[in-house]
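Student: Contents of target.txt (compact mmCIF, C-alpha atoms) are given next:
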# COMPACT_ATOMS: atom_id res chain seq x y z
CA MET A 94 34.95 72.36 -4.39
CA THR A 95 38.10 70.27 -4.99
CA LYS A 96 38.48 67.76 -7.82
CA VAL A 97 38.05 64.85 -5.36
CA GLN A 98 34.84 66.34 -3.94
CA LYS A 99 33.45 66.88 -7.46
CA CYS A 100 34.13 63.27 -8.34
CA GLN A 101 32.38 62.00 -5.20
CA HIS A 102 29.41 64.27 -5.89
CA MET A 103 29.06 62.94 -9.45
CA ASN A 104 29.17 59.31 -8.23
CA TYR A 105 26.50 60.06 -5.65
CA GLN A 106 24.20 61.64 -8.26
CA THR A 107 24.71 58.68 -10.62
CA SER A 108 23.81 56.16 -7.89
CA LYS A 109 20.79 58.18 -6.88
CA SER A 110 19.47 58.38 -10.46
CA GLN A 111 19.92 54.64 -10.92
CA ILE A 112 17.86 53.87 -7.85
CA HIS A 113 15.08 56.40 -8.36
CA GLY A 114 15.02 56.31 -12.13
CA ASN A 115 14.56 52.55 -12.33
CA PRO A 116 12.63 51.30 -9.30
CA CYS A 117 12.13 47.89 -10.88
CA ARG A 118 15.71 47.07 -10.02
CA ILE A 119 14.53 46.54 -6.47
CA PRO A 120 12.34 43.41 -6.09
CA CYS A 121 9.01 44.62 -4.76
CA SER A 122 6.61 41.77 -5.53
CA ARG A 123 4.57 40.23 -2.71
CA PHE A 124 3.01 36.82 -2.54
CA ASP A 125 -0.75 36.95 -2.80
CA PHE A 126 -2.18 34.49 -0.30
CA SER A 127 -5.65 34.88 -1.80
CA LYS A 128 -4.48 32.54 -4.58
CA LEU A 129 -4.40 29.71 -2.07
CA SER A 130 -8.19 29.61 -1.83
CA GLY A 131 -8.41 27.22 -4.77
CA HIS A 132 -6.70 24.45 -2.85
CA PRO A 133 -9.00 21.75 -1.46
CA PHE A 134 -7.82 22.56 2.06
CA GLY A 135 -7.19 26.25 1.52
CA ILE A 136 -3.45 25.71 1.87
CA SER A 137 -0.90 25.79 -0.92
CA SER A 138 0.35 22.38 -1.97
CA LYS A 139 3.55 23.80 -3.40
CA PRO A 140 6.78 23.49 -1.45
CA THR A 141 7.78 26.60 0.45
CA SER A 142 10.94 26.97 -1.63
CA GLN A 143 8.85 27.33 -4.78
CA ILE A 144 6.60 29.93 -3.16
CA VAL A 145 9.56 31.99 -1.94
CA LYS A 146 11.26 31.78 -5.32
CA SER A 147 8.18 32.89 -7.23
CA ALA A 148 7.42 35.65 -4.74
CA SER A 149 10.91 37.08 -4.63
CA GLY A 150 10.67 38.73 -8.01
CA ILE A 151 14.01 37.26 -9.11
CA PRO A 152 13.94 36.73 -12.88
CA GLN A 153 14.58 33.26 -14.16
CA GLU A 154 17.71 32.60 -16.16
CA GLU A 155 17.19 32.56 -19.89
CA SER A 156 19.09 30.47 -22.38
CA PRO A 157 20.75 32.28 -25.30
CA ASP A 158 18.35 30.94 -27.92
CA GLY A 159 15.29 30.06 -25.84
CA GLU A 160 15.25 26.44 -27.00
CA ILE A 161 15.79 25.08 -23.49
CA GLU A 162 12.78 27.01 -22.18
CA VAL A 163 10.54 25.74 -24.99
CA ALA A 164 11.64 22.17 -24.32
CA LYS A 165 10.96 22.60 -20.61
CA ASP A 166 7.48 24.02 -21.29
CA ASN A 167 6.63 21.16 -23.63
CA SER A 168 7.88 18.63 -21.09
CA LYS A 169 5.87 20.31 -18.32
CA ASN A 170 2.71 20.36 -20.45
CA LEU A 171 3.16 16.68 -21.28
CA GLN A 172 3.69 15.84 -17.61
CA LEU A 173 0.58 17.83 -16.65
CA ALA A 174 -1.47 16.07 -19.33
CA ILE A 175 -0.35 12.70 -17.96
CA ILE A 176 -1.27 13.74 -14.40
CA PHE A 177 -4.70 14.94 -15.54
CA GLY A 178 -5.22 11.70 -17.46
CA LEU A 179 -4.26 9.64 -14.42
CA TRP A 180 -6.54 11.75 -12.22
CA TYR A 181 -9.52 11.07 -14.49
CA ILE A 182 -8.77 7.39 -15.08
CA GLN A 183 -8.12 6.70 -11.38
CA ASN A 184 -11.36 8.46 -10.45
CA ILE A 185 -13.31 6.37 -12.95
CA VAL A 186 -11.74 3.13 -11.67
CA PHE A 187 -12.52 4.09 -8.08
CA ASN A 188 -16.16 4.91 -8.81
CA ILE A 189 -16.71 1.71 -10.79
CA TYR A 190 -15.21 -0.68 -8.24
CA ASN A 191 -16.60 1.24 -5.29
CA LYS A 192 -20.08 0.75 -6.74
CA LYS A 193 -19.41 -2.89 -7.65
CA VAL A 194 -18.54 -3.63 -4.02
CA LEU A 195 -21.51 -1.70 -2.64
CA ASN A 196 -23.90 -3.53 -4.99
CA VAL A 197 -23.05 -6.86 -3.33
CA PHE A 198 -21.77 -5.69 0.07
CA SER A 199 -23.89 -2.74 1.11
CA PHE A 200 -21.87 -1.64 4.11
CA PRO A 201 -20.56 1.82 3.20
CA TRP A 202 -19.20 2.54 6.68
CA LEU A 203 -16.79 -0.40 6.56
CA LEU A 204 -15.82 0.25 2.94
CA ALA A 205 -15.18 3.95 3.60
CA SER A 206 -13.03 3.00 6.60
CA PHE A 207 -11.03 0.58 4.49
CA GLN A 208 -10.44 3.24 1.83
CA LEU A 209 -9.08 5.64 4.44
CA LEU A 210 -6.91 2.82 5.81
CA CYS A 211 -5.46 2.18 2.34
CA GLY A 212 -4.55 5.85 2.02
CA SER A 213 -3.00 5.86 5.49
CA ILE A 214 -0.87 2.77 4.77
CA TRP A 215 0.18 4.23 1.40
CA MET A 216 1.41 7.44 3.01
CA LEU A 217 3.18 5.61 5.85
CA ILE A 218 5.06 3.49 3.30
CA LEU A 219 5.92 6.60 1.29
CA TRP A 220 7.26 8.38 4.38
CA ALA A 221 9.25 5.27 5.35
CA ILE A 222 10.85 5.03 1.90
CA ARG A 223 11.47 8.77 1.64
CA PRO A 224 11.86 10.12 5.18
CA ASN A 225 12.64 13.62 3.92
CA THR A 226 9.07 13.93 2.57
CA CYS A 227 7.49 13.34 5.99
CA PRO A 228 6.46 16.65 7.59
CA LYS A 229 7.54 17.51 11.10
CA ILE A 230 4.73 16.69 13.49
CA SER A 231 3.87 18.71 16.55
CA LYS A 232 1.01 18.69 19.01
CA SER A 233 -0.30 21.98 17.63
CA PHE A 234 -0.31 20.54 14.09
CA ILE A 235 -2.34 17.49 15.13
CA VAL A 236 -4.77 19.68 17.09
CA ALA A 237 -5.19 21.93 14.05
CA LEU A 238 -6.01 18.87 11.92
CA LEU A 239 -8.72 17.50 14.19
CA GLY A 240 -11.45 19.78 12.82
CA PRO A 241 -10.67 19.41 9.10
CA ALA A 242 -10.26 15.64 9.53
CA LEU A 243 -13.67 15.40 11.22
CA PHE A 244 -15.40 17.24 8.38
CA HIS A 245 -13.45 15.20 5.83
CA THR A 246 -14.73 12.04 7.54
CA ILE A 247 -18.30 13.30 7.35
CA GLY A 248 -17.90 14.21 3.68
CA HIS A 249 -16.40 10.86 2.73
CA ILE A 250 -18.78 8.56 4.59
CA SER A 251 -21.82 10.53 3.44
CA ALA A 252 -20.74 10.21 -0.20
CA CYS A 253 -20.15 6.49 0.28
CA VAL A 254 -23.64 6.09 1.79
CA SER A 255 -25.08 7.94 -1.19
CA PHE A 256 -23.20 5.68 -3.62
CA SER A 257 -24.70 2.64 -1.87
CA LYS A 258 -28.27 3.84 -2.38
CA VAL A 259 -28.44 5.53 -5.79
CA ALA A 260 -26.67 5.54 -9.16
CA VAL A 261 -23.13 6.90 -9.17
CA SER A 262 -24.11 9.46 -11.80
CA PHE A 263 -26.88 10.87 -9.57
CA THR A 264 -24.54 11.25 -6.60
CA HIS A 265 -22.05 13.16 -8.73
CA VAL A 266 -24.73 15.47 -10.07
CA ILE A 267 -25.80 16.36 -6.52
CA LYS A 268 -22.16 16.72 -5.45
CA SER A 269 -21.68 19.26 -8.23
CA ALA A 270 -23.79 21.56 -6.03
CA GLU A 271 -20.87 21.96 -3.60
CA PRO A 272 -20.24 25.58 -4.77
CA VAL A 273 -23.73 26.52 -3.56
CA PHE A 274 -22.93 25.41 -0.02
CA SER A 275 -19.52 27.07 -0.23
CA VAL A 276 -21.00 30.47 -1.11
CA VAL A 277 -23.76 30.24 1.49
CA PHE A 278 -21.55 29.13 4.39
CA SER A 279 -18.76 31.54 3.51
CA SER A 280 -21.27 34.40 3.34
CA PHE A 281 -22.51 33.58 6.83
CA LEU A 282 -18.90 33.80 8.02
CA GLY A 283 -18.40 37.27 6.55
CA ASP A 284 -17.15 36.70 3.00
CA THR A 285 -18.74 38.74 0.24
CA TYR A 286 -19.35 37.66 -3.35
CA PRO A 287 -20.25 39.68 -6.44
CA LEU A 288 -23.60 39.29 -8.16
CA THR A 289 -22.08 37.12 -10.91
CA VAL A 290 -21.17 34.45 -8.35
CA TRP A 291 -24.68 34.38 -6.91
CA LEU A 292 -26.16 34.18 -10.41
CA SER A 293 -23.82 31.32 -11.32
CA ILE A 294 -25.22 29.09 -8.57
CA LEU A 295 -28.80 29.43 -9.84
CA PRO A 296 -28.33 26.94 -12.73
CA ILE A 297 -26.63 24.57 -10.27
CA VAL A 298 -29.69 24.61 -7.99
CA PHE A 299 -32.11 24.32 -10.91
CA GLY A 300 -30.13 21.56 -12.63
CA CYS A 301 -29.76 19.48 -9.47
CA SER A 302 -33.46 19.87 -8.70
CA LEU A 303 -34.45 18.78 -12.20
CA ALA A 304 -32.07 15.82 -12.06
CA ALA A 305 -33.42 14.77 -8.65
CA ILE A 306 -37.10 14.76 -9.57
CA THR A 307 -36.45 12.83 -12.79
CA GLU A 308 -33.90 10.32 -11.41
CA VAL A 309 -34.95 6.71 -11.99
CA SER A 310 -32.99 5.41 -8.97
CA PHE A 311 -34.08 8.30 -6.71
CA ASN A 312 -33.76 7.60 -3.00
CA PHE A 313 -33.98 10.14 -0.18
CA GLY A 314 -31.10 8.43 1.63
CA GLY A 315 -28.92 8.79 -1.45
CA LEU A 316 -29.93 12.43 -1.93
CA TRP A 317 -29.28 13.38 1.68
CA GLY A 318 -25.99 11.49 1.68
CA ALA A 319 -24.70 13.53 -1.27
CA MET A 320 -25.99 16.78 0.26
CA ILE A 321 -24.36 16.09 3.64
CA SER A 322 -21.16 15.19 1.80
CA ASN A 323 -21.19 18.63 0.21
CA VAL A 324 -21.63 20.27 3.62
CA GLY A 325 -18.82 18.19 5.12
CA PHE A 326 -16.28 19.01 2.41
CA VAL A 327 -17.20 22.71 2.34
CA LEU A 328 -16.80 22.99 6.12
CA ARG A 329 -13.49 21.11 5.84
CA ASN A 330 -12.23 23.68 3.36
CA ILE A 331 -13.44 26.66 5.38
CA TYR A 332 -12.15 25.29 8.68
CA SER A 333 -8.78 24.43 7.11
CA LYS A 334 -8.24 28.01 6.00
CA ARG A 335 -8.65 29.15 9.59
CA SER A 336 -6.87 26.42 11.53
CA LEU A 337 -3.96 25.56 9.22
CA GLN A 338 -2.64 29.01 8.34
CA ASN A 339 0.46 28.47 10.48
CA PHE A 340 1.42 25.23 8.70
CA LYS A 341 1.87 26.34 5.09
CA GLU A 342 5.18 24.49 4.92
CA VAL A 343 3.23 21.20 4.80
CA ASN A 344 2.35 20.44 1.19
CA GLY A 345 -1.09 19.26 0.11
CA LEU A 346 -0.25 15.59 -0.32
CA ASN A 347 1.25 15.25 3.17
CA LEU A 348 -1.65 17.23 4.60
CA TYR A 349 -4.10 14.86 2.95
CA GLY A 350 -2.10 11.89 4.26
CA TRP A 351 -2.40 13.00 7.87
CA ILE A 352 -6.07 13.86 7.45
CA SER A 353 -6.67 10.34 6.08
CA ILE A 354 -4.96 8.80 9.12
CA ILE A 355 -6.96 10.85 11.62
CA SER A 356 -10.19 10.31 9.65
CA PHE A 357 -9.70 6.54 9.81
CA PHE A 358 -9.53 6.67 13.61
CA TYR A 359 -12.65 8.84 13.62
CA LEU A 360 -14.64 6.58 11.32
CA PHE A 361 -13.76 2.97 12.07
CA PRO A 362 -15.07 2.86 15.70
CA VAL A 363 -18.36 4.39 14.53
CA ALA A 364 -18.51 1.90 11.64
CA CYS A 365 -18.16 -0.98 14.12
CA PHE A 366 -21.05 0.42 16.14
CA VAL A 367 -23.33 1.12 13.16
CA GLU A 368 -22.73 -1.97 11.01
CA GLY A 369 -20.38 -4.32 12.88
CA SER A 370 -22.98 -6.89 13.84
CA GLN A 371 -23.96 -7.43 10.18
CA TRP A 372 -20.55 -7.69 8.55
CA VAL A 373 -20.08 -11.46 8.79
CA ALA A 374 -23.48 -12.31 7.32
CA GLY A 375 -23.05 -9.62 4.65
CA TYR A 376 -19.63 -10.97 3.75
CA HIS A 377 -20.98 -14.48 3.08
CA LYS A 378 -23.83 -13.08 0.98
CA ALA A 379 -21.36 -11.03 -1.03
CA LEU A 380 -19.23 -14.09 -1.76
CA GLU A 381 -22.32 -15.99 -2.91
CA ALA A 382 -23.35 -13.10 -5.17
CA VAL A 383 -19.91 -12.68 -6.75
CA GLY A 384 -19.17 -16.41 -6.85
CA ASN A 385 -15.44 -15.87 -6.53
CA SER A 386 -13.81 -14.68 -3.32
CA SER A 387 -10.63 -13.48 -5.04
CA LYS A 388 -12.69 -11.31 -7.40
CA PHE A 389 -14.50 -9.73 -4.45
CA TYR A 390 -11.21 -9.06 -2.64
CA LEU A 391 -9.81 -7.49 -5.81
CA TRP A 392 -12.79 -5.13 -6.09
CA VAL A 393 -12.40 -4.03 -2.47
CA ILE A 394 -8.64 -3.47 -2.79
CA LEU A 395 -9.01 -1.55 -6.06
CA SER A 396 -11.64 0.74 -4.53
CA GLY A 397 -9.32 1.51 -1.61
CA VAL A 398 -6.11 1.99 -3.59
CA PHE A 399 -7.66 4.08 -6.34
CA TYR A 400 -9.49 6.23 -3.80
CA HIS A 401 -6.11 7.37 -2.55
CA LEU A 402 -4.46 7.52 -5.97
CA TYR A 403 -7.00 9.85 -7.54
CA ASN A 404 -6.72 12.21 -4.58
CA GLN A 405 -2.92 12.08 -4.84
CA SER A 406 -3.07 12.91 -8.56
CA SER A 407 -5.37 15.85 -7.88
CA TYR A 408 -2.78 17.35 -5.51
CA GLN A 409 0.01 16.79 -8.01
CA ALA A 410 -2.07 18.55 -10.68
CA LEU A 411 -2.74 21.47 -8.33
CA ASP A 412 1.00 21.95 -7.80
CA ASP A 413 1.44 23.11 -11.40
CA ILE A 414 -1.83 24.81 -12.34
CA SER A 415 -3.95 27.71 -11.17
CA PRO A 416 -6.98 27.18 -8.88
CA LEU A 417 -9.24 28.16 -11.80
CA THR A 418 -7.78 25.53 -14.11
CA PHE A 419 -8.08 22.98 -11.31
CA SER A 420 -11.73 23.90 -10.75
CA VAL A 421 -12.54 23.58 -14.46
CA GLY A 422 -10.66 20.27 -14.57
CA ASN A 423 -12.64 19.02 -11.58
CA THR A 424 -15.90 19.98 -13.31
CA MET A 425 -14.91 18.09 -16.45
CA LYS A 426 -13.87 15.14 -14.28
CA ARG A 427 -17.46 14.82 -13.04
CA VAL A 428 -18.69 14.79 -16.64
CA VAL A 429 -16.27 12.01 -17.55
CA VAL A 430 -17.13 9.97 -14.44
CA ILE A 431 -20.89 10.35 -15.00
CA ILE A 432 -20.65 9.23 -18.64
CA ALA A 433 -18.31 6.33 -17.79
CA THR A 434 -20.47 4.97 -14.95
CA VAL A 435 -23.68 5.28 -16.98
CA LEU A 436 -22.06 3.22 -19.74
CA VAL A 437 -20.60 0.61 -17.36
CA PHE A 438 -23.70 0.11 -15.19
CA ARG A 439 -26.18 0.87 -17.98
CA ASN A 440 -28.26 3.14 -15.78
CA PRO A 441 -31.45 4.33 -17.48
CA VAL A 442 -31.28 8.09 -18.08
CA ARG A 443 -34.36 10.12 -18.93
CA PRO A 444 -33.98 13.14 -21.26
CA LEU A 445 -34.96 15.62 -18.52
CA ASN A 446 -32.57 13.93 -16.12
CA ALA A 447 -29.70 14.33 -18.60
CA LEU A 448 -30.72 17.95 -19.19
CA GLY A 449 -30.75 18.69 -15.45
CA SER A 450 -27.35 17.09 -15.02
CA ALA A 451 -25.91 19.13 -17.88
CA ILE A 452 -27.35 22.38 -16.50
CA ALA A 453 -25.96 21.69 -13.02
CA ILE A 454 -22.47 20.89 -14.30
CA PHE A 455 -22.52 23.91 -16.61
CA GLY A 456 -23.42 25.97 -13.55
CA THR A 457 -20.29 24.76 -11.75
CA PHE A 458 -18.26 25.88 -14.76
CA LEU A 459 -19.86 29.34 -14.61
CA TYR A 460 -19.16 29.45 -10.88
CA SER A 461 -15.45 28.70 -11.41
CA GLN A 462 -15.28 31.52 -13.98
CA ALA A 463 -17.13 33.95 -11.72
CA THR A 464 -15.04 33.25 -8.64
CA ALA A 465 -11.85 33.69 -10.67
CA LYS A 466 -12.98 37.27 -11.39
CA LYS A 467 -13.97 37.93 -7.77
CA PRO A 468 -12.49 41.28 -6.70
CA LYS A 469 -9.71 40.86 -4.17
CA LYS A 470 -9.70 42.70 -0.89
CA GLU A 471 -6.75 45.04 -0.57
CA ALA A 472 -4.49 44.49 2.39
For the file at hand, write its structure as structure tokens.
Tutor:
Amino acid sequence: MTKVQKCQHMNYQTSKSQIHGNPCRIPCSRFDFSKLSGHPFGISSKPTSQIVKSASGIPQEESPDGEIEVAKDNSKNLQLAIIFGLWYIQNIVFNIYNKKVLNVFSFPWLLASFQLLCGSIWMLILWAIRPNTCPKISKSFIVALLGPALFHTIGHISACVSFSKVAVSFTHVIKSAEPVFSVVFSSFLGDTYPLTVWLSILPIVFGCSLAAITEVSFNFGGLWGAMISNVGFVLRNIYSKRSLQNFKEVNGLNLYGWISIISFFYLFPVACFVEGSQWVAGYHKALEAVGNSSKFYLWVILSGVFYHLYNQSSYQALDDISPLTFSVGNTMKRVVVIIATVLVFRNPVRPLNALGSAIAIFGTFLYSQATAKKPKKEA
């Protein structure tokens, strides 16, 4: 073997040892799509560029002393705390003014339609101001949205009907049972859950039952409205995972915007048919009850604007946190809303009713913990 051949042989062996001796030099990570299940629509709300960057396995650049990274983390935590705070505050404002309107103008179909209209107008203005944020629309995308938008419409109007008939706190307690419907419907469609998940829904069922039988403002219409709302939102989530898998490039906020627009066109014609003949008389009665037309208009507008804002904040929060953290945050949000509305409207709460509510909400927390530990199916 000549000197040149020896040199080439040594270079080849060195390259080979570098590749096989340190396989981590080759990016081998793969994006786990099972993490997307925590999203309200089953689709990631993060921009595609972020997903590709995080999935590529490329290490992030580090500063020499690490001070820049610490500052960025602190800034991100502060921003997330602000978003969570806005999410909670906006949800409280929505629930208060939504109930104020329904107390004097008990036409939930019209009010729910107006809230969807506010969200639609908000998104259209946003897309007009920032055209680059508007997703590309195709016929297949609109067709894929028809099912989720229908179930979203059912979920929203049913909740609004429930709010019009019972205390806000009671509706939220019953709506905390949404995980029960999620597990049951998903199981029928072939998903499997460990025993811990099934056990976690038992306190939800028991707590909701105890809260229902001890509720001072109990009304079957309010109970069934909240239950149907749970079914609607669960089916929206399940259907979205199946019909929107080819549109992951659309982030959660834009997805919600288009669902709001389609839902408005679903709901408003039905609202006209169900309640339209009573709106004029109801409007005059509402003005007499409030005594100030501008105050009534303000309540209606606030309920519509904050309905969209709290949903928008929830998507912004989901962009930067895990599905588990989002689920826990959503559980705590119900606690905050229940306490706030009880204080504002001074709803009488019996000890057993409070106990049932606490058990149900604690059950949703256990469910979020159990589903986070759900074994993943290997591809």
Student: Give me, as a list in words, all polymer residues having an atom no more than 12 Å from Phe357 in chain A, counting all atoms listed in the file and skipping those fewer than 4 positions away in the same chain.
Tutor: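 Surrounding residues, per the criterion: Trp202, Leu203, Leu204, Ala205, Ser206, Phe207, Gln208, Leu209, Leu210, Cys211, Gly212, Ser213, Ile214, Leu239, Ala242, Leu243, His245, Thr246, Ile247, His249, Ile250, Gly350, Trp351, Ile352, Ser353, Phe361, Pro362, Val363 and Ala364 of chain A.
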Student: Just C-alpha atoms for this one: save the residues we selected as a tab-separated table (two decimals), in the frame of the given file.
Tutor:
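Written file, selection_19.tsv:
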chain	number	residue	atom	x	y	z
A	202	TRP	CA	-19.20	2.54	6.68
A	203	LEU	CA	-16.79	-0.40	6.56
A	204	LEU	CA	-15.82	0.25	2.94
A	205	ALA	CA	-15.18	3.95	3.60
A	206	SER	CA	-13.03	3.00	6.60
A	207	PHE	CA	-11.03	0.58	4.49
A	208	GLN	CA	-10.44	3.24	1.83
A	209	LEU	CA	-9.08	5.64	4.44
A	210	LEU	CA	-6.91	2.82	5.81
A	211	CYS	CA	-5.46	2.18	2.34
A	212	GLY	CA	-4.55	5.85	2.02
A	213	SER	CA	-3.00	5.86	5.49
A	214	ILE	CA	-0.87	2.77	4.77
A	239	LEU	CA	-8.72	17.50	14.19
A	242	ALA	CA	-10.26	15.64	9.53
A	243	LEU	CA	-13.67	15.40	11.22
A	245	HIS	CA	-13.45	15.20	5.83
A	246	THR	CA	-14.73	12.04	7.54
A	247	ILE	CA	-18.30	13.30	7.35
A	249	HIS	CA	-16.40	10.86	2.73
A	250	ILE	CA	-18.78	8.56	4.59
A	350	GLY	CA	-2.10	11.89	4.26
A	351	TRP	CA	-2.40	13.00	7.87
A	352	ILE	CA	-6.07	13.86	7.45
A	353	SER	CA	-6.67	10.34	6.08
A	361	PHE	CA	-13.76	2.97	12.07
A	362	PRO	CA	-15.07	2.86	15.70
A	363	VAL	CA	-18.36	4.39	14.53
A	364	ALA	CA	-18.51	1.90	11.64
Student: Return the single residue from A:Trp215, A:Tyr190, A:Trp291, A:Phe200 that is closest to Tyr349 in chain A, with distances computed using all atoms listed in the file.
Tutor: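 Result for the nearest residue to Tyr349 in chain A: A:Trp215.
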Student: So how many Å separate CA of Tyr400 in chain A and CA of Phe187 in chain A, to one decimal?
Tutor: 5.7 Å
Student: Please check which residues have atoms at most 12 Å from (-10.0, 6.1, -13.8) in the file's coordinates, counting all atoms listed in the file, and write them as a count of residues only.
Tutor: 33
Student: State, in Å with one decimal place, the distance from CA of Val343 in chain A to CA of Asn323 in chain A.
Tutor: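 The value is 25.0 Å.
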Student: Please indicate the distance in Å from CA of Ser293 in chain A to CA of Phe326 in chain A, rounded to one decimal place.
Tutor: 19.9 Å
Student: My list of candidates is A:Asn225, A:Thr307, A:Ser233, A:Ser251. Which is closest to Phe340 in chain A when distances are computed with only C-alpha atoms?
Tutor: A:Ser233
Student: Tell me which residues come within 12 Å of (-28.9, 6.5, -10.4), as a compact mmCIF listing (two decimals) with C-alpha atoms, in the frame of the given file, counting only C-alpha atoms in the file's coordinates.
Tutor:
# COMPACT_ATOMS: atom_id res chain seq x y z
CA LYS A 192 -20.08 0.75 -6.74
CA SER A 255 -25.08 7.94 -1.19
CA PHE A 256 -23.20 5.68 -3.62
CA SER A 257 -24.70 2.64 -1.87
CA LYS A 258 -28.27 3.84 -2.38
CA VAL A 259 -28.44 5.53 -5.79
CA ALA A 260 -26.67 5.54 -9.16
CA VAL A 261 -23.13 6.90 -9.17
CA SER A 262 -24.11 9.46 -11.80
CA PHE A 263 -26.88 10.87 -9.57
CA THR A 264 -24.54 11.25 -6.60
CA HIS A 265 -22.05 13.16 -8.73
CA VAL A 266 -24.73 15.47 -10.07
CA ILE A 267 -25.80 16.36 -6.52
CA ALA A 304 -32.07 15.82 -12.06
CA ALA A 305 -33.42 14.77 -8.65
CA ILE A 306 -37.10 14.76 -9.57
CA THR A 307 -36.45 12.83 -12.79
CA GLU A 308 -33.90 10.32 -11.41
CA VAL A 309 -34.95 6.71 -11.99
CA SER A 310 -32.99 5.41 -8.97
CA PHE A 311 -34.08 8.30 -6.71
CA ASN A 312 -33.76 7.60 -3.00
CA PHE A 313 -33.98 10.14 -0.18
CA GLY A 315 -28.92 8.79 -1.45
CA LEU A 316 -29.93 12.43 -1.93
CA ILE A 431 -20.89 10.35 -15.00
CA ILE A 432 -20.65 9.23 -18.64
CA THR A 434 -20.47 4.97 -14.95
CA VAL A 435 -23.68 5.28 -16.98
CA PHE A 438 -23.70 0.11 -15.19
CA ARG A 439 -26.18 0.87 -17.98
CA ASN A 440 -28.26 3.14 -15.78
CA PRO A 441 -31.45 4.33 -17.48
CA VAL A 442 -31.28 8.09 -18.08
CA ARG A 443 -34.36 10.12 -18.93
CA ASN A 446 -32.57 13.93 -16.12
CA ALA A 447 -29.70 14.33 -18.60
CA SER A 450 -27.35 17.09 -15.02
Student: What's the 10 Å shell around Val298 in chain A, counting all atoms listed in the file, without same-chain residues fewer than 3 positions away, as a count of residues only?
Tutor: 15
Student: With all atoms listed in the file as the atoms that count, which of A:Ala374, A:Cys227, A:Val428, A:Val276 lies nearest to Tyr460 in chain A?
Tutor: A:Val276
Student: Would you place a box with edges along x, y and z of the file around all atoms of range 197-205 of chain A listed there, add 4 Å to each of its six sides, and report the centre and edge lengths in Å to one decimal, as lines of an AutoDock Vina configuration file?
Tutor:
center_x = -19.5
center_y = -1.5
center_z = 1.7
size_x = 16.7
size_y = 18.8
size_z = 18.0
Student: In terms of the shortest atom-to-atom distance over only C-alpha atoms, which of A:Val290, A:Ile175, A:Leu445, A:Cys365 is closest to Ala410 in chain A?
Tutor: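 Ranked by minimum distance to Ala410 in chain A, first place goes to A:Ile175.
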Student: Counting all atoms listed in the file, which of A:Leu337, A:Ala174, A:Ala221, A:Val324 gets nearest to Phe234 in chain A?
Tutor: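 Closest to Phe234 in chain A of all the choices is A:Leu337.
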